[in-house]
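Asks: Pasting model03.csv here (CSV, C-alpha atoms):
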```
chain,number,residue,atom,x,y,z
G,13,MET,CA,-22.3,-10.7,-17.4
G,14,PRO,CA,-24.8,-8.4,-15.6
G,15,PHE,CA,-26.9,-11.1,-14.1
G,16,ILE,CA,-24.0,-12.4,-12.1
G,17,ALA,CA,-23.4,-9.0,-10.5
G,18,LYS,CA,-27.1,-8.8,-9.5
G,19,ASN,CA,-27.3,-12.3,-8.1
G,20,PRO,CA,-24.0,-14.0,-7.3
G,21,ASN,CA,-25.8,-17.0,-5.8
G,22,SER,CA,-27.1,-18.1,-9.2
G,23,ILE,CA,-23.6,-19.3,-9.9
G,24,LEU,CA,-23.5,-21.4,-6.7
G,25,ASP,CA,-26.7,-23.1,-7.7
G,26,THR,CA,-25.6,-24.2,-11.1
G,27,THR,CA,-21.9,-24.9,-10.9
G,28,GLU,CA,-20.9,-28.0,-9.2
G,29,PRO,CA,-17.2,-27.3,-8.7
G,30,VAL,CA,-18.0,-24.0,-7.0
G,31,ARG,CA,-20.2,-25.8,-4.5
G,32,ILE,CA,-17.5,-28.3,-3.7
G,33,HIS,CA,-15.0,-25.5,-3.2
G,34,TYR,CA,-17.5,-23.7,-1.0
G,35,ARG,CA,-18.2,-26.6,1.3
G,36,VAL,CA,-14.6,-27.8,1.7
G,37,LEU,CA,-13.2,-24.3,2.3
G,38,ASN,CA,-15.8,-22.6,4.3
G,39,THR,CA,-14.7,-24.4,7.5
G,40,TYR,CA,-11.2,-23.1,7.1
G,41,ILE,CA,-12.2,-19.6,6.1
G,42,ASN,CA,-15.1,-18.8,8.3
G,43,ASN,CA,-13.3,-17.0,11.1
G,44,ARG,CA,-10.4,-15.5,9.2
G,45,THR,CA,-9.9,-11.8,9.4
G,46,HIS,CA,-8.0,-9.9,6.7
G,47,GLY,CA,-8.7,-6.3,7.7
G,48,THR,CA,-11.6,-4.3,6.2
G,49,LYS,CA,-10.9,-4.6,2.5
G,50,VAL,CA,-11.4,-8.3,2.1
G,51,GLU,CA,-14.8,-9.4,0.9
G,52,LYS,CA,-16.7,-11.2,3.6
G,53,ASN,CA,-19.4,-12.7,1.3
G,54,VAL,CA,-18.4,-16.1,0.1
G,55,SER,CA,-20.1,-16.0,-3.3
G,56,ALA,CA,-18.5,-12.6,-4.0
G,57,ARG,CA,-15.1,-14.1,-3.1
G,58,VAL,CA,-15.8,-17.0,-5.5
G,59,MET,CA,-16.6,-14.5,-8.2
G,60,GLN,CA,-13.4,-12.5,-7.4
G,61,GLY,CA,-11.4,-15.7,-7.9
G,62,PHE,CA,-13.0,-16.5,-11.2
G,63,ALA,CA,-12.5,-12.9,-12.4
G,64,ALA,CA,-8.8,-13.0,-11.6
G,65,ALA,CA,-8.5,-16.5,-13.2
G,66,LEU,CA,-10.1,-15.4,-16.5
G,67,PRO,CA,-7.1,-13.6,-18.1
G,68,ILE,CA,-4.8,-16.6,-17.1
G,69,CYS,CA,-7.3,-19.0,-18.7
G,70,LEU,CA,-7.3,-16.9,-21.9
G,71,GLY,CA,-3.6,-17.2,-22.0
G,72,TYR,CA,-3.6,-21.0,-21.2
G,73,VAL,CA,-6.1,-22.1,-23.8
G,74,PRO,CA,-4.0,-21.4,-26.9
G,75,ILE,CA,-0.8,-22.7,-25.2
G,76,GLY,CA,-2.6,-25.7,-23.9
G,77,LEU,CA,-4.0,-26.5,-27.3
G,78,ALA,CA,-0.6,-26.0,-28.8
G,79,PHE,CA,1.0,-28.3,-26.3
G,80,GLY,CA,-1.7,-30.9,-26.9
G,81,VAL,CA,-1.2,-30.8,-30.6
G,82,LEU,CA,2.6,-31.0,-30.3
G,83,ALA,CA,2.6,-33.8,-27.7
G,84,GLY,CA,0.1,-35.7,-29.8
G,85,LYS,CA,2.5,-35.4,-32.7
G,86,THR,CA,5.4,-36.8,-30.6
G,87,GLY,CA,3.3,-39.9,-30.0
G,88,LEU,CA,1.6,-39.2,-26.6
G,89,THR,CA,-2.0,-40.3,-26.5
G,90,PRO,CA,-4.7,-37.9,-25.3
G,91,ALA,CA,-5.0,-39.9,-22.0
G,92,GLU,CA,-1.2,-39.5,-21.5
G,93,ILE,CA,-1.3,-35.8,-22.3
G,94,GLY,CA,-4.1,-35.3,-19.7
G,95,LEU,CA,-2.2,-37.3,-17.1
G,96,MET,CA,0.9,-35.3,-17.7
G,97,SER,CA,-1.0,-32.1,-17.3
G,98,LEU,CA,-2.5,-33.3,-14.1
G,99,LEU,CA,0.6,-34.6,-12.5
G,100,VAL,CA,3.1,-32.0,-13.7
G,101,TYR,CA,1.1,-28.9,-14.4
G,102,ALA,CA,3.9,-26.7,-15.6
G,103,GLY,CA,3.7,-25.6,-19.2
G,104,SER,CA,7.3,-25.0,-20.2
G,105,SER,CA,8.6,-28.2,-18.6
G,106,GLN,CA,5.8,-30.2,-20.3
G,107,PHE,CA,6.9,-28.8,-23.7
G,108,ILE,CA,10.5,-29.7,-22.9
G,109,GLY,CA,9.6,-33.1,-21.6
G,110,ALA,CA,7.6,-34.0,-24.7
G,111,ALA,CA,10.4,-32.7,-26.9
G,112,MET,CA,13.0,-34.8,-25.0
G,113,LEU,CA,10.8,-37.8,-25.1
G,114,SER,CA,10.4,-37.6,-28.9
G,115,ALA,CA,14.2,-37.2,-29.2
G,116,GLY,CA,14.6,-40.5,-27.3
G,117,ALA,CA,15.9,-39.1,-24.0
G,118,GLY,CA,15.7,-41.4,-20.9
G,119,ILE,CA,13.4,-40.9,-17.9
G,120,ILE,CA,16.1,-39.7,-15.5
G,121,PRO,CA,17.5,-36.9,-17.7
G,122,ILE,CA,13.9,-35.6,-18.4
G,123,ILE,CA,13.1,-35.6,-14.7
G,124,ILE,CA,16.3,-33.8,-13.8
G,125,THR,CA,15.7,-31.2,-16.5
G,126,THR,CA,12.1,-30.8,-15.2
G,127,PHE,CA,13.4,-30.1,-11.7
G,128,PHE,CA,15.7,-27.3,-12.9
G,129,VAL,CA,13.1,-25.8,-15.2
G,130,ASN,CA,10.6,-25.7,-12.4
G,131,LEU,CA,12.9,-24.7,-9.5
G,132,ARG,CA,11.8,-21.1,-9.9
G,133,HIS,CA,8.5,-22.1,-8.3
G,134,PHE,CA,10.6,-22.5,-5.1
G,135,LEU,CA,11.1,-18.8,-5.1
G,136,MET,CA,7.5,-18.0,-5.9
G,137,SER,CA,6.3,-20.3,-3.1
G,138,SER,CA,8.7,-18.6,-0.7
G,139,SER,CA,7.3,-15.2,-1.7
G,140,LEU,CA,3.7,-16.4,-1.3
G,141,SER,CA,4.4,-17.9,2.2
G,142,ILE,CA,4.5,-14.4,3.6
G,143,TYR,CA,0.8,-14.1,3.0
G,144,LEU,CA,-0.3,-17.6,4.0
G,145,GLY,CA,0.6,-17.5,7.7
G,146,ASN,CA,-3.0,-17.8,8.8
G,147,THR,CA,-3.8,-20.6,6.4
G,148,SER,CA,-4.4,-24.2,7.6
G,149,LYS,CA,-1.5,-26.5,6.9
G,150,LYS,CA,-4.1,-28.9,5.4
G,151,ILE,CA,-5.0,-26.4,2.7
G,152,LEU,CA,-1.4,-25.5,1.8
G,153,PRO,CA,-0.7,-28.8,-0.2
G,154,LEU,CA,-3.8,-28.1,-2.3
G,155,TYR,CA,-2.7,-24.5,-2.9
G,156,ALA,CA,1.0,-25.5,-3.7
G,157,TYR,CA,-0.2,-27.8,-6.5
G,158,GLY,CA,-1.5,-24.8,-8.4
G,159,ILE,CA,1.5,-22.4,-8.1
G,160,THR,CA,2.5,-21.4,-11.7
G,161,ASP,CA,4.2,-18.3,-13.0
G,162,GLU,CA,0.8,-16.9,-13.8
G,163,SER,CA,-1.2,-17.8,-10.8
G,164,PHE,CA,1.7,-16.7,-8.6
G,165,ALA,CA,1.9,-13.3,-10.2
G,166,VAL,CA,-1.9,-12.7,-10.1
G,167,ASN,CA,-2.3,-14.0,-6.5
G,168,LEU,CA,0.7,-12.2,-5.1
G,169,SER,CA,-0.4,-8.8,-6.5
G,170,LYS,CA,-3.8,-9.4,-5.0
G,171,PHE,CA,-2.5,-10.6,-1.6
G,172,ARG,CA,-0.2,-7.5,-1.5
G,173,GLU,CA,-3.2,-5.2,-2.1
G,174,ASP,CA,-4.7,-6.8,1.0
G,175,LYS,CA,-7.9,-7.8,-0.7
G,176,TRP,CA,-7.2,-11.5,-1.2
G,177,GLY,CA,-7.8,-14.6,0.8
G,178,ILE,CA,-6.8,-18.3,0.4
G,179,MET,CA,-10.3,-19.0,-1.1
G,180,GLN,CA,-9.9,-16.6,-4.0
G,181,ALA,CA,-6.3,-17.8,-4.5
G,182,LEU,CA,-7.4,-21.5,-4.6
G,183,ILE,CA,-10.1,-20.7,-7.1
G,184,VAL,CA,-7.5,-18.9,-9.3
G,185,ASN,CA,-5.1,-21.9,-9.0
G,186,HIS,CA,-7.7,-24.6,-9.7
G,187,THR,CA,-9.7,-22.9,-12.4
G,188,THR,CA,-6.5,-22.3,-14.3
G,189,ASN,CA,-5.4,-25.8,-13.7
G,190,LEU,CA,-8.7,-27.2,-15.1
G,191,THR,CA,-8.4,-24.9,-18.1
G,192,TRP,CA,-4.8,-26.1,-18.8
G,193,PHE,CA,-5.8,-29.8,-18.4
G,194,ALA,CA,-8.8,-29.4,-20.7
G,195,SER,CA,-6.9,-27.4,-23.3
G,196,THR,CA,-4.1,-29.8,-23.5
G,197,VAL,CA,-6.4,-32.9,-23.9
G,198,ILE,CA,-8.5,-31.1,-26.5
G,199,GLY,CA,-5.3,-30.1,-28.3
G,200,GLY,CA,-4.2,-33.7,-28.2
G,201,ILE,CA,-7.5,-34.9,-29.7
G,202,SER,CA,-8.0,-32.3,-32.3
G,203,GLY,CA,-4.4,-32.5,-33.6
G,204,GLU,CA,-4.0,-30.7,-36.8
G,205,PHE,CA,-7.2,-28.7,-36.9
G,206,ILE,CA,-5.7,-25.7,-35.2
G,207,PRO,CA,-3.4,-23.7,-37.5
G,208,ALA,CA,-0.2,-22.4,-36.0
G,209,GLY,CA,-0.2,-18.7,-35.0
G,210,ALA,CA,-4.0,-18.2,-35.6
G,211,PHE,CA,-5.3,-14.9,-34.3
G,212,GLY,CA,-2.0,-13.9,-32.6
G,213,ILE,CA,-2.5,-16.6,-29.9
G,214,ASP,CA,1.3,-17.0,-29.7
G,215,TYR,CA,1.4,-13.6,-28.1
G,216,ALA,CA,-1.2,-14.2,-25.3
G,217,LEU,CA,1.3,-15.2,-22.6
G,218,ILE,CA,3.9,-12.6,-23.5
G,219,ALA,CA,1.2,-9.9,-23.3
G,220,MET,CA,0.1,-11.3,-19.9
G,221,PHE,CA,3.6,-11.2,-18.6
G,222,ILE,CA,4.0,-7.6,-19.8
G,223,CYS,CA,0.9,-6.6,-17.8
G,224,LEU,CA,1.9,-8.6,-14.7
G,225,LEU,CA,5.3,-7.0,-14.8
G,226,ILE,CA,3.7,-3.5,-15.0
G,227,PHE,CA,1.7,-4.5,-11.8
G,228,GLN,CA,5.0,-5.3,-10.0
G,229,LEU,CA,6.7,-2.0,-10.9
G,230,ARG,CA,5.6,-0.1,-7.8
G,231,GLY,CA,8.7,2.1,-7.5
G,232,ARG,CA,12.2,2.9,-8.8
G,233,LYS,CA,13.6,-0.1,-6.9
G,234,TYR,CA,11.4,-2.5,-8.7
G,235,VAL,CA,12.1,-1.0,-12.1
G,236,ALA,CA,15.8,-1.2,-11.5
G,237,VAL,CA,15.6,-4.8,-10.4
G,238,ALA,CA,13.4,-5.6,-13.5
G,239,LEU,CA,16.0,-4.0,-15.8
G,240,ILE,CA,18.9,-5.8,-14.2
G,241,ALA,CA,17.0,-9.1,-14.3
G,242,GLY,CA,16.0,-8.6,-17.9
G,243,ALA,CA,19.5,-7.8,-19.0
G,244,LEU,CA,21.1,-10.6,-17.1
G,245,SER,CA,18.5,-13.0,-18.3
G,246,VAL,CA,19.2,-12.1,-22.0
G,247,ILE,CA,23.0,-12.5,-21.4
G,248,PHE,CA,22.6,-15.8,-19.6
G,249,SER,CA,20.1,-17.2,-22.1
G,250,LEU,CA,22.7,-16.6,-24.8
G,251,THR,CA,25.6,-18.0,-22.9
G,252,ILE,CA,24.3,-20.8,-20.7
G,253,PRO,CA,22.6,-23.7,-22.2
G,254,GLY,CA,19.2,-24.8,-20.8
G,255,ASN,CA,16.7,-22.8,-18.8
G,256,ALA,CA,18.8,-22.0,-15.7
G,257,TYR,CA,19.0,-18.4,-16.9
G,258,ILE,CA,15.6,-17.5,-15.5
G,259,ILE,CA,16.4,-18.5,-11.9
G,260,LEU,CA,20.0,-17.2,-12.1
G,261,ALA,CA,19.1,-13.8,-13.4
G,262,SER,CA,16.2,-13.5,-10.9
G,263,ILE,CA,18.3,-14.3,-7.8
G,264,LEU,CA,21.2,-12.1,-8.8
G,265,ALA,CA,18.9,-9.1,-9.7
G,266,ALA,CA,16.8,-9.4,-6.4
G,267,THR,CA,20.0,-9.7,-4.4
G,268,THR,CA,21.5,-6.7,-6.1
G,269,GLY,CA,18.2,-4.8,-5.3
G,270,VAL,CA,18.4,-5.7,-1.6
G,271,ILE,CA,22.0,-4.6,-1.3
G,272,LEU,CA,21.6,-1.4,-3.2
G,273,GLY,CA,18.4,-0.6,-1.3
G,274,ARG,CA,20.3,-1.0,2.0
G,275,ARG,CA,23.1,1.2,0.9
G,276,LEU,CA,20.7,3.9,-0.2
G,277,GLU,CA,18.8,3.7,3.1
G,278,LYS,CA,22.1,4.2,5.0
G,279,GLN,CA,23.1,7.1,2.9
G,280,HIS,CA,19.8,8.9,3.4
G,281,GLY,CA,19.7,7.9,7.1
T,11,MET,CA,-4.3,-45.5,-23.1
T,12,VAL,CA,-1.3,-44.8,-20.8
T,13,ARG,CA,1.9,-46.7,-21.1
T,14,SER,CA,3.5,-47.6,-17.8
T,15,GLU,CA,6.9,-46.1,-18.6
T,16,ASN,CA,5.2,-42.8,-19.3
T,17,LEU,CA,3.2,-43.0,-16.1
T,18,ILE,CA,6.5,-43.4,-14.2
T,19,LEU,CA,8.0,-40.4,-16.1
T,20,PHE,CA,5.1,-38.1,-15.4
T,21,ALA,CA,5.0,-39.1,-11.8
T,22,GLY,CA,8.7,-38.3,-11.5
T,23,MET,CA,8.3,-35.0,-13.3
T,24,GLY,CA,5.3,-34.2,-11.1
T,25,LEU,CA,7.2,-35.0,-7.9
T,26,VAL,CA,10.2,-32.8,-8.7
T,27,THR,CA,7.8,-30.0,-9.7
T,28,TYR,CA,5.5,-30.3,-6.7
T,29,LEU,CA,8.0,-30.4,-3.9
T,30,PRO,CA,9.6,-27.0,-4.7
T,31,ARG,CA,6.1,-25.6,-4.8
T,32,LEU,CA,5.1,-27.1,-1.5
T,33,LEU,CA,8.1,-27.1,0.9
T,34,PRO,CA,8.6,-23.3,1.2
T,35,LEU,CA,4.9,-22.9,2.0
T,36,LEU,CA,5.1,-25.5,4.8
T,37,ALA,CA,8.4,-24.3,6.1
T,38,LEU,CA,8.1,-20.6,5.8
T,39,SER,CA,4.4,-19.7,6.3
T,40,GLY,CA,3.5,-18.5,9.7
T,41,ARG,CA,7.1,-17.7,10.7
T,42,LYS,CA,8.5,-14.3,11.3
T,43,LEU,CA,11.0,-13.9,8.5
T,44,PRO,CA,14.0,-11.6,8.7
T,45,GLN,CA,13.6,-8.2,7.0
T,46,TRP,CA,16.3,-8.8,4.4
T,47,LEU,CA,14.5,-12.0,3.3
T,48,ILE,CA,11.1,-10.2,3.1
T,49,ASP,CA,12.8,-7.4,1.0
T,50,TRP,CA,14.4,-10.0,-1.2
T,51,LEU,CA,11.2,-12.0,-1.7
T,52,ASP,CA,9.4,-8.8,-2.5
T,53,LEU,CA,11.7,-8.1,-5.4
T,54,ILE,CA,11.6,-11.7,-6.8
T,55,PRO,CA,8.3,-11.3,-8.7
T,56,ALA,CA,9.5,-8.3,-10.7
T,57,ALA,CA,12.8,-10.1,-11.3
T,58,ILE,CA,11.3,-13.4,-12.4
T,59,LEU,CA,8.7,-11.7,-14.7
T,60,SER,CA,11.4,-9.6,-16.4
T,61,ALA,CA,13.8,-12.6,-16.6
T,62,LEU,CA,11.0,-14.6,-18.3
T,63,LEU,CA,10.0,-11.8,-20.6
T,64,ALA,CA,13.3,-10.2,-21.8
T,65,PRO,CA,14.6,-13.2,-23.7
T,66,ALA,CA,11.2,-13.9,-25.2
T,67,LEU,CA,11.3,-10.4,-26.7
T,68,LEU,CA,15.0,-10.1,-27.6
T,69,THR,CA,16.3,-13.5,-28.5
T,70,GLY,CA,15.3,-16.3,-30.8
T,71,GLY,CA,16.5,-19.0,-33.1
T,72,GLU,CA,18.4,-22.2,-32.4
T,73,PRO,CA,20.9,-21.7,-30.9
T,74,ARG,CA,19.6,-18.6,-29.3
T,75,MET,CA,20.8,-15.2,-30.4
T,76,LEU,CA,19.9,-11.6,-30.3
T,77,GLN,CA,17.2,-10.8,-32.8
T,78,LEU,CA,15.0,-7.9,-33.7
T,79,ARG,CA,11.6,-9.7,-33.5
T,80,PRO,CA,8.0,-8.7,-34.0
T,81,GLU,CA,7.5,-9.8,-30.4
T,82,LEU,CA,9.7,-6.8,-29.4
T,83,PHE,CA,7.9,-4.2,-31.6
T,84,VAL,CA,4.4,-5.4,-30.4
T,85,SER,CA,5.6,-5.2,-26.8
T,86,ILE,CA,6.1,-1.4,-26.9
T,87,PRO,CA,2.4,-0.5,-27.5
T,88,THR,CA,1.4,-3.5,-25.2
T,89,PHE,CA,3.5,-2.1,-22.4
T,90,ILE,CA,2.0,1.3,-22.8
T,91,PHE,CA,-1.5,-0.1,-22.9
T,92,ALA,CA,-0.9,-2.2,-19.8
T,93,TRP,CA,0.6,0.8,-18.0
T,94,LYS,CA,-2.3,3.1,-18.8
T,95,THR,CA,-5.2,0.7,-18.3
T,96,LYS,CA,-3.8,-1.9,-15.7
T,97,SER,CA,-6.2,-4.3,-17.4
T,98,LEU,CA,-4.9,-7.9,-17.8
T,99,VAL,CA,-7.6,-9.1,-20.2
T,100,GLY,CA,-7.4,-6.0,-22.2
T,101,THR,CA,-3.6,-6.2,-22.5
T,102,VAL,CA,-3.8,-9.8,-23.6
T,103,LEU,CA,-6.3,-9.0,-26.3
T,104,VAL,CA,-4.5,-5.9,-27.5
T,105,GLY,CA,-1.2,-7.8,-27.6
T,106,MET,CA,-2.7,-10.7,-29.6
T,107,LEU,CA,-4.4,-8.3,-32.0
T,108,LEU,CA,-1.2,-6.3,-32.7
T,109,PHE,CA,0.8,-9.5,-33.0
T,110,TRP,CA,-1.7,-10.9,-35.5
T,111,LEU,CA,-1.7,-7.6,-37.5
T,112,ILE,CA,2.1,-7.4,-37.6
T,113,GLY,CA,2.1,-11.0,-38.9
T,114,LYS,CA,-0.2,-9.9,-41.7
T,115,ILE,CA,2.1,-6.9,-42.6
T,116,MET,CA,5.5,-8.5,-42.3
```
As structure tokens, how would this structure be written, given the file I've shared?
Replies:
Amino acid sequence: MPFIAKNPNSILDTTEPVRIHYRVLNTYINNRTHGTKVEKNVSARVMQGFAAALPICLGYVPIGLAFGVLAGKTGLTPAEIGLMSLLVYAGSSQFIGAAMLSAGAGIIPIIITTFFVNLRHFLMSSSLSIYLGNTSKKILPLYAYGITDESFAVNLSKFREDKWGIMQALIVNHTTNLTWFASTVIGGISGEFIPAGAFGIDYALIAMFICLLIFQLRGRKYVAVALIAGALSVIFSLTIPGNAYIILASILAATTGVILGRRLEKQHG
Amino acid sequence: MVRSENLILFAGMGLVTYLPRLLPLLALSGRKLPQWLIDWLDLIPAAILSALLAPALLTGGEPRMLQLRPELFVSIPTFIFAWKTKSLVGTVLVGMLLFWLIGKIM
């Protein structure tokens, strides 16, 4: 897209959602300082946000379509699928919710399951809070809505590199949210037109997680924690019913990492 | 068309999903956190990503069991590609291509 690089403003002139983001956010962002590496130019920040959102969107489209198709087959209408995507916006719990609904489960068991499946976002939100100290409390609810496994991993690695602001992060969250919403509705409408497993789309999110994990492995400590978490997660997934294995394995592995890290520091003075 | 019982269900699912996303941001951001908590939160992403990924590569079936799956074979070159290039889009496309190819062969 060479024309964008030459003239970033052309995007602002033609794309309504970007203008809205720009106007709403600019008041909050104007006087923030992030050190020297953060882009000051607003349209450049918008483009950074879109660029970071793109791989997530690539991963969401096939999964969103798949969810829409599946939810349609369990009897949800396209309007209901869209509403669910807007209100819940958490892929795995939406799959589980639709499956439970079609199996005749009641409202309360589905909501309780959803709570536990999505409790991992509590950890992610806690991690992100470190970088959002300067952000207005009015913006945080808007940001929190878009915290997913994917947006969390992308935004956190960017925040950590010190080249990210709340504006880029919000664009990542809401571009991916819009993509998810649209894909699930289109999937619900188009139903059986999409063949299962076409073009390797089933692998899109796994590949994305692989790359995001690579980003996180910034030293031996992280590799060790990842290996412990992976091993525990496999063991728990085989022995504990449900989806609690993700949160259990993560907490145990990170705690082990902190304890081991402290011991090593003491030994080496 | 939206049935009212589904509206209630989705609102409930949305609420229990949204609050864990929001409350830590409101409660923790802007505070000086203790060092052990910062260290711990720093390790959480690697832990969560690995905890999400490992069962997807190593287990399958209903009920879940250990399986040698095409997902695992494809993950090796995908890992190497991600490590060498650090490209998210590239890794997704390479992973999809390899998974599609292995599906043709197996």
Asks: Taking all atoms listed in the file into account and nothing else, which residues of chain T lie no more than 6 Å away from chain G? Please answer as a PDB file with C-alpha atoms, keeping the file's coordinate frame.
Replies:
```
ATOM      1  CA  MET T  11      -4.300 -45.500 -23.100  1.00  0.00           C
ATOM      2  CA  VAL T  12      -1.300 -44.800 -20.800  1.00  0.00           C
ATOM      3  CA  LEU T  19       8.000 -40.400 -16.100  1.00  0.00           C
ATOM      4  CA  PHE T  20       5.100 -38.100 -15.400  1.00  0.00           C
ATOM      5  CA  MET T  23       8.300 -35.000 -13.300  1.00  0.00           C
ATOM      6  CA  GLY T  24       5.300 -34.200 -11.100  1.00  0.00           C
ATOM      7  CA  VAL T  26      10.200 -32.800  -8.700  1.00  0.00           C
ATOM      8  CA  THR T  27       7.800 -30.000  -9.700  1.00  0.00           C
ATOM      9  CA  PRO T  30       9.600 -27.000  -4.700  1.00  0.00           C
ATOM     10  CA  ARG T  31       6.100 -25.600  -4.800  1.00  0.00           C
ATOM     11  CA  LEU T  32       5.100 -27.100  -1.500  1.00  0.00           C
ATOM     12  CA  PRO T  34       8.600 -23.300   1.200  1.00  0.00           C
ATOM     13  CA  LEU T  35       4.900 -22.900   2.000  1.00  0.00           C
ATOM     14  CA  LEU T  38       8.100 -20.600   5.800  1.00  0.00           C
ATOM     15  CA  SER T  39       4.400 -19.700   6.300  1.00  0.00           C
ATOM     16  CA  GLY T  40       3.500 -18.500   9.700  1.00  0.00           C
ATOM     17  CA  TRP T  50      14.400 -10.000  -1.200  1.00  0.00           C
ATOM     18  CA  LEU T  51      11.200 -12.000  -1.700  1.00  0.00           C
ATOM     19  CA  LEU T  53      11.700  -8.100  -5.400  1.00  0.00           C
ATOM     20  CA  ILE T  54      11.600 -11.700  -6.800  1.00  0.00           C
ATOM     21  CA  ALA T  56       9.500  -8.300 -10.700  1.00  0.00           C
ATOM     22  CA  ALA T  57      12.800 -10.100 -11.300  1.00  0.00           C
ATOM     23  CA  ILE T  58      11.300 -13.400 -12.400  1.00  0.00           C
ATOM     24  CA  LEU T  59       8.700 -11.700 -14.700  1.00  0.00           C
ATOM     25  CA  SER T  60      11.400  -9.600 -16.400  1.00  0.00           C
ATOM     26  CA  ALA T  61      13.800 -12.600 -16.600  1.00  0.00           C
ATOM     27  CA  ALA T  64      13.300 -10.200 -21.800  1.00  0.00           C
ATOM     28  CA  PRO T  65      14.600 -13.200 -23.700  1.00  0.00           C
ATOM     29  CA  ARG T  74      19.600 -18.600 -29.300  1.00  0.00           C
ATOM     30  CA  ALA T  92      -0.900  -2.200 -19.800  1.00  0.00           C
ATOM     31  CA  LEU T  98      -4.900  -7.900 -17.800  1.00  0.00           C
ATOM     32  CA  VAL T  99      -7.600  -9.100 -20.200  1.00  0.00           C
ATOM     33  CA  VAL T 102      -3.800  -9.800 -23.600  1.00  0.00           C
ATOM     34  CA  GLY T 105      -1.200  -7.800 -27.600  1.00  0.00           C
ATOM     35  CA  MET T 106      -2.700 -10.700 -29.600  1.00  0.00           C
ATOM     36  CA  PHE T 109       0.800  -9.500 -33.000  1.00  0.00           C
ATOM     37  CA  TRP T 110      -1.700 -10.900 -35.500  1.00  0.00           C
TER      38      TRP T 110
END
```
Asks: State, in Å with one decimal place, the distance from atom CA of G:Arg57 to atom CA of G:Ile178.
Replies: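 Rounded to one decimal, the two atoms are 9.9 Å apart.
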Asks: How far is it from atom CA of T:Leu43 to atom CA of T:Tyr28, in Å with one decimal?
Replies: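 One can read the atom CA of T:Leu43 to atom CA of T:Tyr28 distance as 23.0 Å.
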Asks: Go ahead and compute the interatomic distance for atom CA of T:Leu103 and atom CA of T:Leu63, in Å to one decimal.
Replies: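 These two atoms are separated by 17.5 Å.
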Asks: May I have the residues within 9 Å of stretch 80-82 of chain G as a list in words, using only C-alpha atoms and disregarding those fewer than 4 positions away in the same chain?
Replies: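 The neighbour list is Ile75, Gly76, Thr86, Gly87, Leu88, Pro90, Ile93, Gly94, Phe107, Ala110, Ala111, Ser195, Thr196, Val197, Ile198, Gly199, Gly200, Ile201, Ser202, Gly203, Glu204, Phe205 and Ile206 of chain G.
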Asks: So which one's closest to G:Ala256, T:Leu62, T:Glu15, T:Ala37, T:Lys42? Using only C-alpha atoms, please.
Replies: T:Leu62
